[in-house]
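Q: One structure follows; several queries about it will come next.
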Amino acid sequence: MPEQPELTIQGWGPPGPADPAATGTGGDDLTAAVPKGALKYLTRELGWTPRPTPPVAVDEIRLAPSRLSEEARARFVELLGEENVRADRESRLRRAGGKSYLDLLRRREGDASDAPDAVVLPGTTDETAALLAACGELGVVVVPFGGGTSVVGGLAGIDPDDRPSVAVDLSRMASVQSLDVPSSLVTVGPGMRGPALEQALDRQGLTFGHLPQSWEFATVGGYAATRSAGQNSTGVGRFDELVAGLTLATPSGVLELGHPPASAAGPDLLGLALGSEGTLGVITEVTLRVRPKPQSRVYEGWSFRSWAAGLAALQHLARHDLLPDIVRLSDPDETRANLLMASGTGAKLLRGSLKTRGHSNGCLLVLGWEGLPSLVRARRTEASGLLRDGGAIRLGNKVGESWKAHRFQGPYLRDRLMDAGLLVETLETAATWTALPTVYDAVRRALRESLAREGRRPLLMSHVSHGYATGASLYVTAIADLDDDLPIQQWLTAKRAATDALLGAGGTLTHHHAVGADHRPWMEREIGPLGVEVLRAVKQRLDPQGICNPGVLLPD
Ligand SMILES: Cc1cc2nc3c(=O)[nH]c(=O)nc-3n(C[C@H](O)[C@H](O)[C@H](O)COP(=O)(O)OP(=O)(O)OC[C@H]3O[C@@H](n4cnc5c(N)ncnc54)[C@H](O)[C@@H]3O)c2cc1C
């Protein structure tokens with residue numbers, strides 16, 4: 001087991017619930033975390049007055065007694081050993097739910113009703129398979145737990161039959177099992193986190209290069225189970241594209257899926273496991289495609305006068321196969337907020353220069369190029385020409401480097417803002433280049449209307465962060481004055497309106513956060529009733545007792 005950090009309620013950081021001492025109360029912490037200009041902007045935009053909205057203390061969190069029977073406990077101990085079956089308060093609280101805004105709100109209110117009845121830690125595929133078979137016989141629900149960073153209720157542990165549940169913590173299976181350098185393949189345990197994987201590959205001059213914003217804590221198994229996308233997925237590929245094979249332990253047996261380099265032996269069953277969110281079993285091994293560490297890395301900033309001009313330029317790059325490895329186009333609201341959040345003389349000069357050049361209401365584009373120096377040079381030269389033709393002005397490498405330096409910090413800021421009376425949540429989708437502008441307008445309208453109250457309006461910041469030949473993803477951050485009386489209802493209403501709007505306009509239910517419990521009411525709209533039936537039939541074959549994460553993915 002990796003060393004356990006102190007138990008806190010911090011929304012971001014290692015899994016765990018609350019400690020108000022660790023989060024502050026909205027006063028000093030906030031001014032330290034948010035530059036004065038940005039704070040002024042937020043109060044003006046949102047009609048919000050910072051006020052302390054701290055979480056409850058750790059010992060005030062309500063946790064029902066474990067419902068795991070003595071028979072089940074004894075069986076698990078027999079399979080895994082005493083130390084790998086835990087029902088103590090701290091172990092259960094650490095695996096209570098994920099990291100969505102709603103998860104954090106509930107925990108801050110002292111609600112840990114999503115905590116499992118116990119935590120079990122298998123160490124091998126065989127142990128996991130035996131555990132699943134035992135859970136099937138005993139009627140115990142199984143929720144695989146990787147890094148606990150789900151933002152869609154993937155770990156909610158909901159069971160229509162209200163059976164006892166265990167979190168299957170995968171942190172004991174977190175090592176490199178084999179590395180095949182000539183074939184560029186590495187096989188790892190599902191509990192491995194990004195930093196440890198990169199460290200292991202670095203010694204061989206290799207990289208995996210999957211960098212979601214949750215990189216510090218999320219695991220390889222979690223990425224596979226949710227079809228994650230990283231910051232440089234435009235170049236490297238989404239996580240699901242980088243999986244060459246995996247092992248799935250199910251209550252009905254073990255499946256070995258994938259056959260690198262390629263196979264035409266019927267439909268690819270690997271695709272069934274990717275994105276299965278623990279509903280078919282537990283991923284116990286993942287084989288990934290790796291590549292040499294890039295010799296050249298260039299990050300740069302550009303500016304467009306408008307969102308439409310920025311989108312048109314990206315579409316143009318995509319058509320000519322010139323999209324960089326990292327693409328991040330912010331809309332005017334996100335650009336303004338980013339510029340205000342940046343402090344120092346450089347940022348001030350940049351704001352001044354953009355104003356002079358008529359881009360004060362413009363859109364920031366961050367690009368990242370990685371690879372062999374000559375190829376990076378050639379791609380950049382061609383792309384720069386197209387960007388300039390599209391009306392972009394180059395802001396230089398400092399802007400790109402600054403984005404890179406701060407790219408994992410956003411989630412920490414969310415905690416500070418929640419402590420001071422703000423709603424902070426994100427949602428994401430993807431659409432074709434044709435539908436994207438309509439989806440953008442529809443989502444913003446829905447969020448604006450549902451989050452506005454008594455003259456106060458939300459701040460909505462959007463960006464495109466993954467480009468494809470056919471379209472792009474869209475990511476929206478909503479910040480609004482917290483409804484102190486009905487905080488959970490406030491976001492549920494907004495999320496429902498936004499999801500209906502984005503689906504109606506042609507967006508997908510989710511581009512990379514997955515379905516979880518939060519999106520499943522819309523799953524039938526996404527894949528159709530027959531699609532849902534097909535998934536149900538597969539689940540019925542692999543998980544006849546319906547013990548594998550029953551509360552996610554498939555609608556009731
Ligand atoms: C601040 C923040 C930033 C984020 N940024 C990104 C981002 O940039 N890109 C992105 O794609 N996502 C992002 N996410 C979402 C989240 O990190 C991803 O969904 C991630 O893939 C989940 O990995 P995890 O190991 O934490 O899985 P968990 O949260 O532990 O689990 C997620 C789901 O997968 C299932 N699961 C986990 N492990 C296994 C396994 N071994 N076998 C079967 N099922 C399993 C769980 O039961 C659950 O349903 C972000 C989340 C946060 C909180």
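Order determines the names: the first chain of the structure tokens is A, the second B, and so forth; residues in each chain are numbered 1 upward, and ligands are numbered 1 upward as they are shown.
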So that each row is one residue of region 259-333 of chain A with an atom at most 6 Å from region 460-466 of chain A, can you give its shortest atom pair and the distance in Å to one decimal, using only C-alpha atoms, rows by chain and rising number, as a tab-separated table?
A:
```
residue	atom	partner	partner_atom	distance
A:Val327	CA	A:Ser465	CA	5.5
A:Arg328	CA	A:Ser465	CA	4.5
A:Leu329	CA	A:Val464	CA	5.1
A:Ser330	CA	A:His463	CA	4.2
A:Asp331	CA	A:Ser462	CA	5.6
A:Asp333	CA	A:Met461	CA	5.3
```
Q: Could you please take those selected residues and save N, CA and C atoms as a PDB file, in the first residue's frame?
A:
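Saved file selection-v1.pdb follows:
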```pdb
ATOM      1  N   VAL A 327      -4.013  21.362 -27.976  1.00  0.00           N
ATOM      2  CA  VAL A 327      -4.814  22.453 -28.541  1.00  0.00           C
ATOM      3  C   VAL A 327      -5.760  22.925 -27.468  1.00  0.00           C
ATOM      4  N   ARG A 328      -5.749  24.190 -27.185  1.00  0.00           N
ATOM      5  CA  ARG A 328      -6.653  24.701 -26.144  1.00  0.00           C
ATOM      6  C   ARG A 328      -7.095  26.098 -26.525  1.00  0.00           C
ATOM      7  N   LEU A 329      -8.296  26.181 -27.062  1.00  0.00           N
ATOM      8  CA  LEU A 329      -8.846  27.480 -27.485  1.00  0.00           C
ATOM      9  C   LEU A 329      -9.878  27.934 -26.461  1.00  0.00           C
ATOM     10  N   SER A 330      -9.606  29.046 -25.782  1.00  0.00           N
ATOM     11  CA  SER A 330     -10.527  29.569 -24.757  1.00  0.00           C
ATOM     12  C   SER A 330     -11.462  30.591 -25.378  1.00  0.00           C
ATOM     13  N   ASP A 331     -12.703  30.602 -24.914  1.00  0.00           N
ATOM     14  CA  ASP A 331     -13.648  31.603 -25.413  1.00  0.00           C
ATOM     15  C   ASP A 331     -13.353  32.955 -24.734  1.00  0.00           C
ATOM     16  N   ASP A 333     -14.795  34.716 -22.459  1.00  0.00           N
ATOM     17  CA  ASP A 333     -14.949  34.767 -20.997  1.00  0.00           C
ATOM     18  C   ASP A 333     -13.799  34.042 -20.288  1.00  0.00           C
TER      19      ASP A 333
END
```
Q: Extract, using only C-alpha atoms, all DNA, RNA and protein residues at most 12 Å from Gln489 (chain A), discarding same-chain residues fewer than 2 positions from it, and format them as an MDAnalysis selection string.
A: chainID A and resid 101:102 105:106 423 450:451 482:487 491:496
Q: Would you output that residue set with N, CA, C and O atoms, as a short mmCIF file (atom, residue, chain, number, x, y, z; two decimals), in the first residue's frame?
A:
```cif
data_model
loop_
_atom_site.label_atom_id
_atom_site.label_comp_id
_atom_site.auth_asym_id
_atom_site.auth_seq_id
_atom_site.Cartn_x
_atom_site.Cartn_y
_atom_site.Cartn_z
N TYR A 101 -18.49 18.11 -8.08
CA TYR A 101 -18.96 19.19 -7.22
C TYR A 101 -20.02 18.67 -6.26
O TYR A 101 -20.00 18.98 -5.07
N LEU A 102 -20.92 17.82 -6.77
CA LEU A 102 -21.97 17.28 -5.90
C LEU A 102 -21.39 16.35 -4.83
O LEU A 102 -21.83 16.36 -3.69
N LEU A 105 -19.94 18.65 -2.29
CA LEU A 105 -20.99 19.33 -1.52
C LEU A 105 -21.54 18.40 -0.44
O LEU A 105 -21.68 18.78 0.72
N ARG A 106 -21.86 17.16 -0.85
CA ARG A 106 -22.46 16.21 0.10
C ARG A 106 -21.50 15.95 1.27
O ARG A 106 -21.89 15.93 2.42
N LEU A 423 -20.48 28.24 -6.26
CA LEU A 423 -20.69 26.98 -6.98
C LEU A 423 -19.61 26.95 -8.06
O LEU A 423 -19.44 27.93 -8.79
N SER A 450 -30.53 28.86 -16.06
CA SER A 450 -30.86 28.12 -14.84
C SER A 450 -30.04 28.60 -13.64
O SER A 450 -30.47 28.41 -12.51
N LEU A 451 -28.89 29.21 -13.86
CA LEU A 451 -28.09 29.63 -12.71
C LEU A 451 -28.28 31.10 -12.33
O LEU A 451 -27.78 31.55 -11.30
N LEU A 482 -23.42 30.74 -4.70
CA LEU A 482 -24.04 29.53 -4.15
C LEU A 482 -25.43 29.82 -3.60
O LEU A 482 -25.63 30.82 -2.93
N ASP A 483 -26.36 28.93 -3.91
CA ASP A 483 -27.67 29.01 -3.27
C ASP A 483 -27.52 28.34 -1.90
O ASP A 483 -27.46 27.11 -1.80
N ASP A 484 -27.43 29.14 -0.86
CA ASP A 484 -27.13 28.59 0.46
C ASP A 484 -28.20 27.63 0.95
O ASP A 484 -27.92 26.72 1.73
N ASP A 485 -29.45 27.82 0.50
CA ASP A 485 -30.54 26.97 1.00
C ASP A 485 -30.62 25.64 0.26
O ASP A 485 -30.88 24.60 0.85
N LEU A 486 -30.42 25.68 -1.06
CA LEU A 486 -30.58 24.46 -1.86
C LEU A 486 -29.39 24.26 -2.80
O LEU A 486 -29.54 24.23 -4.02
N PRO A 487 -28.19 24.10 -2.25
CA PRO A 487 -27.01 24.05 -3.12
C PRO A 487 -27.01 22.87 -4.09
O PRO A 487 -26.62 23.01 -5.24
N TRP A 491 -27.34 22.93 -8.59
CA TRP A 491 -26.54 22.37 -9.68
C TRP A 491 -27.30 21.30 -10.46
O TRP A 491 -27.20 21.21 -11.69
N LEU A 492 -28.10 20.49 -9.75
CA LEU A 492 -28.85 19.44 -10.46
C LEU A 492 -29.74 20.05 -11.55
O LEU A 492 -29.82 19.54 -12.67
N THR A 493 -30.39 21.17 -11.21
CA THR A 493 -31.27 21.83 -12.19
C THR A 493 -30.46 22.34 -13.38
O THR A 493 -30.85 22.15 -14.54
N ALA A 494 -29.33 22.95 -13.09
CA ALA A 494 -28.50 23.51 -14.17
C ALA A 494 -27.94 22.40 -15.06
O ALA A 494 -27.94 22.49 -16.29
N LYS A 495 -27.50 21.34 -14.42
CA LYS A 495 -26.89 20.22 -15.16
C LYS A 495 -27.93 19.56 -16.07
O LYS A 495 -27.64 19.22 -17.23
N ARG A 496 -29.15 19.42 -15.55
CA ARG A 496 -30.21 18.81 -16.36
C ARG A 496 -30.49 19.66 -17.58
O ARG A 496 -30.55 19.16 -18.71
#
```
Q: Identify, counting only C-alpha atoms and all ligand atoms, the protein, DNA and RNA residues located within 6 Å of ligand 1, and give them as a VMD selection string.
A: chain A and resid 98 to 99 143 to 151 154 to 155 190 212 to 214 218 to 219 221 to 223 225 to 226 228 to 230 277 to 278 281 to 284 411 512 to 513 516
Q: Enumerate as a PyMOL selection string all residues of region 226-429 of chain A assigned to strand (DSSP E) by DSSP on the backbone, naming them with the chain letters and numbers the document uses.
A: chain A and resi 243-250+253-257+282-289+291-292+296-304+326-330+363-371+393-396+422-429
Q: As a PyMOL selection string, please: the residues near Thr510 (chain A) (cut-off 8 Å, only C-alpha atoms, same-chain neighbours under 4 positions excluded).
A: chain A and resi 428-430+514-515
Q: Can I get the selection written as a PDB file, in the first residue's frame, with N, CA, C and O atoms?
A:
```pdb
ATOM      1  N   GLU A 428     -18.691  18.700 -19.953  1.00  0.00           N
ATOM      2  CA  GLU A 428     -17.976  18.589 -21.221  1.00  0.00           C
ATOM      3  C   GLU A 428     -18.773  17.782 -22.231  1.00  0.00           C
ATOM      4  O   GLU A 428     -19.657  16.990 -21.864  1.00  0.00           O
ATOM      5  N   THR A 429     -18.476  17.994 -23.493  1.00  0.00           N
ATOM      6  CA  THR A 429     -19.126  17.271 -24.573  1.00  0.00           C
ATOM      7  C   THR A 429     -18.188  17.341 -25.784  1.00  0.00           C
ATOM      8  O   THR A 429     -17.079  17.861 -25.691  1.00  0.00           O
ATOM      9  N   ALA A 430     -18.641  16.833 -26.913  1.00  0.00           N
ATOM     10  CA  ALA A 430     -17.917  16.996 -28.177  1.00  0.00           C
ATOM     11  C   ALA A 430     -18.943  17.025 -29.293  1.00  0.00           C
ATOM     12  O   ALA A 430     -20.047  16.484 -29.139  1.00  0.00           O
ATOM     13  N   ALA A 514     -17.082  10.289 -18.825  1.00  0.00           N
ATOM     14  CA  ALA A 514     -17.841   9.031 -18.723  1.00  0.00           C
ATOM     15  C   ALA A 514     -19.279   9.272 -18.265  1.00  0.00           C
ATOM     16  O   ALA A 514     -19.707  10.418 -18.120  1.00  0.00           O
ATOM     17  N   VAL A 515     -19.991   8.171 -18.028  1.00  0.00           N
ATOM     18  CA  VAL A 515     -21.437   8.242 -17.773  1.00  0.00           C
ATOM     19  C   VAL A 515     -21.740   8.283 -16.273  1.00  0.00           C
ATOM     20  O   VAL A 515     -22.455   9.161 -15.784  1.00  0.00           O
TER      21      VAL A 515
END
```
Q: Do you know which residues are at most 9 Å from region 385-388 of chain A counting only C-alpha atoms, after dropping those on the same chain fewer than 3 positions away, and could you put them as a ChimeraX atom specification?
A: /A:302,310,313-314,316-317,380-382,391-394
Q: Hey, can you spit out that residue selection with N, CA and C atoms as a compact mmCIF listing (two decimals), in the first residue's frame?
A:
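File produced: result00.txt:
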```txt
# COMPACT_ATOMS: atom_id res chain seq x y z
N TRP A 302 -1.37 32.06 -28.88
CA TRP A 302 -1.86 32.86 -30.00
C TRP A 302 -3.15 33.55 -29.56
N GLY A 310 -11.39 31.64 -34.16
CA GLY A 310 -10.54 30.60 -33.56
C GLY A 310 -10.99 29.21 -33.99
N ALA A 313 -10.14 28.50 -37.59
CA ALA A 313 -8.71 28.22 -37.81
C ALA A 313 -8.36 26.79 -37.38
N LEU A 314 -8.93 26.36 -36.25
CA LEU A 314 -8.65 24.98 -35.81
C LEU A 314 -9.17 23.96 -36.81
N HIS A 316 -9.50 24.38 -39.89
CA HIS A 316 -8.61 24.44 -41.04
C HIS A 316 -7.34 23.61 -40.79
N LEU A 317 -6.78 23.75 -39.58
CA LEU A 317 -5.60 22.96 -39.22
C LEU A 317 -5.94 21.47 -39.27
N ARG A 380 5.08 23.24 -37.20
CA ARG A 380 4.79 24.59 -36.67
C ARG A 380 4.80 25.63 -37.78
N THR A 381 5.76 25.49 -38.69
CA THR A 381 5.87 26.49 -39.76
C THR A 381 4.60 26.49 -40.61
N GLU A 382 4.17 25.29 -40.99
CA GLU A 382 2.96 25.20 -41.82
C GLU A 382 1.73 25.71 -41.05
N GLY A 391 -6.19 35.11 -39.15
CA GLY A 391 -6.30 36.35 -38.36
C GLY A 391 -5.68 36.26 -36.98
N ALA A 392 -4.92 35.18 -36.68
CA ALA A 392 -4.35 35.05 -35.34
C ALA A 392 -3.08 35.88 -35.20
N ILE A 393 -2.84 36.35 -33.98
CA ILE A 393 -1.54 36.96 -33.71
C ILE A 393 -0.80 36.09 -32.69
N ARG A 394 0.51 35.99 -32.91
CA ARG A 394 1.31 35.11 -32.05
C ARG A 394 1.71 35.86 -30.78
```
Q: Taking the DSSP assignment computed from this structure's backbone, write out as number ranges by chain all residues of region 48-121 of chain A that belong to helix (DSSP H, G or I).
A: A: 58-60, 70-80, 82-84, 89-94, 101-108
Q: Kindly export the residues of the current selection with C-alpha atoms, as a tab-separated table (two decimals), in the first residue's frame.
A:
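Printed below is out.tsv as written:
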```tsv
chain	number	residue	atom	x	y	z
A	58	VAL	CA	-14.19	15.11	9.94
A	59	ASP	CA	-15.73	13.55	13.05
A	60	GLU	CA	-19.12	15.10	12.25
A	70	GLU	CA	-19.50	-11.85	9.31
A	71	GLU	CA	-19.76	-14.68	6.76
A	72	ALA	CA	-18.75	-12.36	3.90
A	73	ARG	CA	-15.93	-10.80	5.89
A	74	ALA	CA	-14.53	-14.23	6.81
A	75	ARG	CA	-14.68	-15.32	3.16
A	76	PHE	CA	-12.85	-12.19	1.98
A	77	VAL	CA	-10.20	-12.60	4.69
A	78	GLU	CA	-9.68	-16.19	3.57
A	79	LEU	CA	-9.13	-14.97	-0.01
A	80	LEU	CA	-7.12	-11.80	0.60
A	82	GLU	CA	-6.84	-9.97	7.20
A	83	GLU	CA	-4.95	-6.76	6.35
A	84	ASN	CA	-6.66	-6.49	2.97
A	89	ARG	CA	-14.33	4.35	9.54
A	90	GLU	CA	-11.29	5.92	7.90
A	91	SER	CA	-10.89	3.27	5.19
A	92	ARG	CA	-14.59	3.58	4.29
A	93	LEU	CA	-14.61	7.38	4.30
A	94	ARG	CA	-11.56	7.50	2.03
A	101	TYR	CA	-18.96	19.19	-7.22
A	102	LEU	CA	-21.97	17.28	-5.90
A	103	ASP	CA	-19.72	14.67	-4.22
A	104	LEU	CA	-17.83	17.47	-2.52
A	105	LEU	CA	-20.99	19.33	-1.52
A	106	ARG	CA	-22.46	16.21	0.10
A	107	ARG	CA	-19.28	15.44	1.98
A	108	ARG	CA	-18.91	19.04	3.11
```
Q: Tell me, counting only C-alpha atoms, for each residue of region 286-359 of chain A within 8 Å of region 233-252 of chain A, which pair of atoms is nearest and how far apart they are in Å to one decimal, in rows ordered by chain and increasing number, as JSON lines.
A:
```
{"residue": "A:Val286", "atom": "CA", "partner": "A:Leu246", "partner_atom": "CA", "distance": 4.3}
{"residue": "A:Thr287", "atom": "CA", "partner": "A:Gly245", "partner_atom": "CA", "distance": 5.0}
{"residue": "A:Leu288", "atom": "CA", "partner": "A:Val243", "partner_atom": "CA", "distance": 4.7}
{"residue": "A:Arg289", "atom": "CA", "partner": "A:Leu242", "partner_atom": "CA", "distance": 5.3}
{"residue": "A:Val290", "atom": "CA", "partner": "A:Leu242", "partner_atom": "CA", "distance": 7.9}
{"residue": "A:Leu323", "atom": "CA", "partner": "A:Thr234", "partner_atom": "CA", "distance": 7.3}
{"residue": "A:Pro324", "atom": "CA", "partner": "A:Gly235", "partner_atom": "CA", "distance": 6.1}
{"residue": "A:Asp325", "atom": "CA", "partner": "A:Gly235", "partner_atom": "CA", "distance": 3.6}
{"residue": "A:Ile326", "atom": "CA", "partner": "A:Thr234", "partner_atom": "CA", "distance": 6.0}
{"residue": "A:Val327", "atom": "CA", "partner": "A:Thr234", "partner_atom": "CA", "distance": 7.0}
```
Q: Tell me which of A:Pro292, A:Ala337, A:Leu274, A:Leu197 sits closest to Ser183 (chain A), counting only C-alpha atoms.
A: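 Counting only C-alpha atoms, the residue closest to Ser183 (chain A) is A:Pro292.
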Q: Do you know which residues are at most 9 Å from Ala87 (chain A) counting only C-alpha atoms, after dropping those on the same chain fewer than 6 positions away, and could you put them as a ChimeraX atom specification?
A: /A:66,68,116-120
Q: Go through A:Met192, A:Ala115, A:Leu280, A:Val443 and flag the residue nearest Gln545 (chain A), using only C-alpha atoms for the distances.
A: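 Smallest distance to Gln545 (chain A) is found for A:Leu280.
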Q: So that I can see what lies close to region 517-528 of chain A, please list as a ChimeraX atom specification the residues with an atom at most 10 Å from it, counting only C-alpha atoms and leaving out residues fewer than 4 positions away in the same chain.
A: /A:100,102,151-158,492,495-496,499-500,503-504,507-510,513,532-533,549-556
Q: Find the spatial neighbours of Trp403 (chain A), counting only C-alpha atoms, within a cut-off of 10 Å - ignore same-chain residues fewer than 2 positions away - and output them as a PyMOL selection string.
A: chain A and resi 299-301+328+338+342+366-367+397-401+405-408
Q: Would you work out the distance separating CA of Ser343 (chain A) from CA of Arg305 (chain A), expressed in Å to one decimal?
A: 22.5 Å
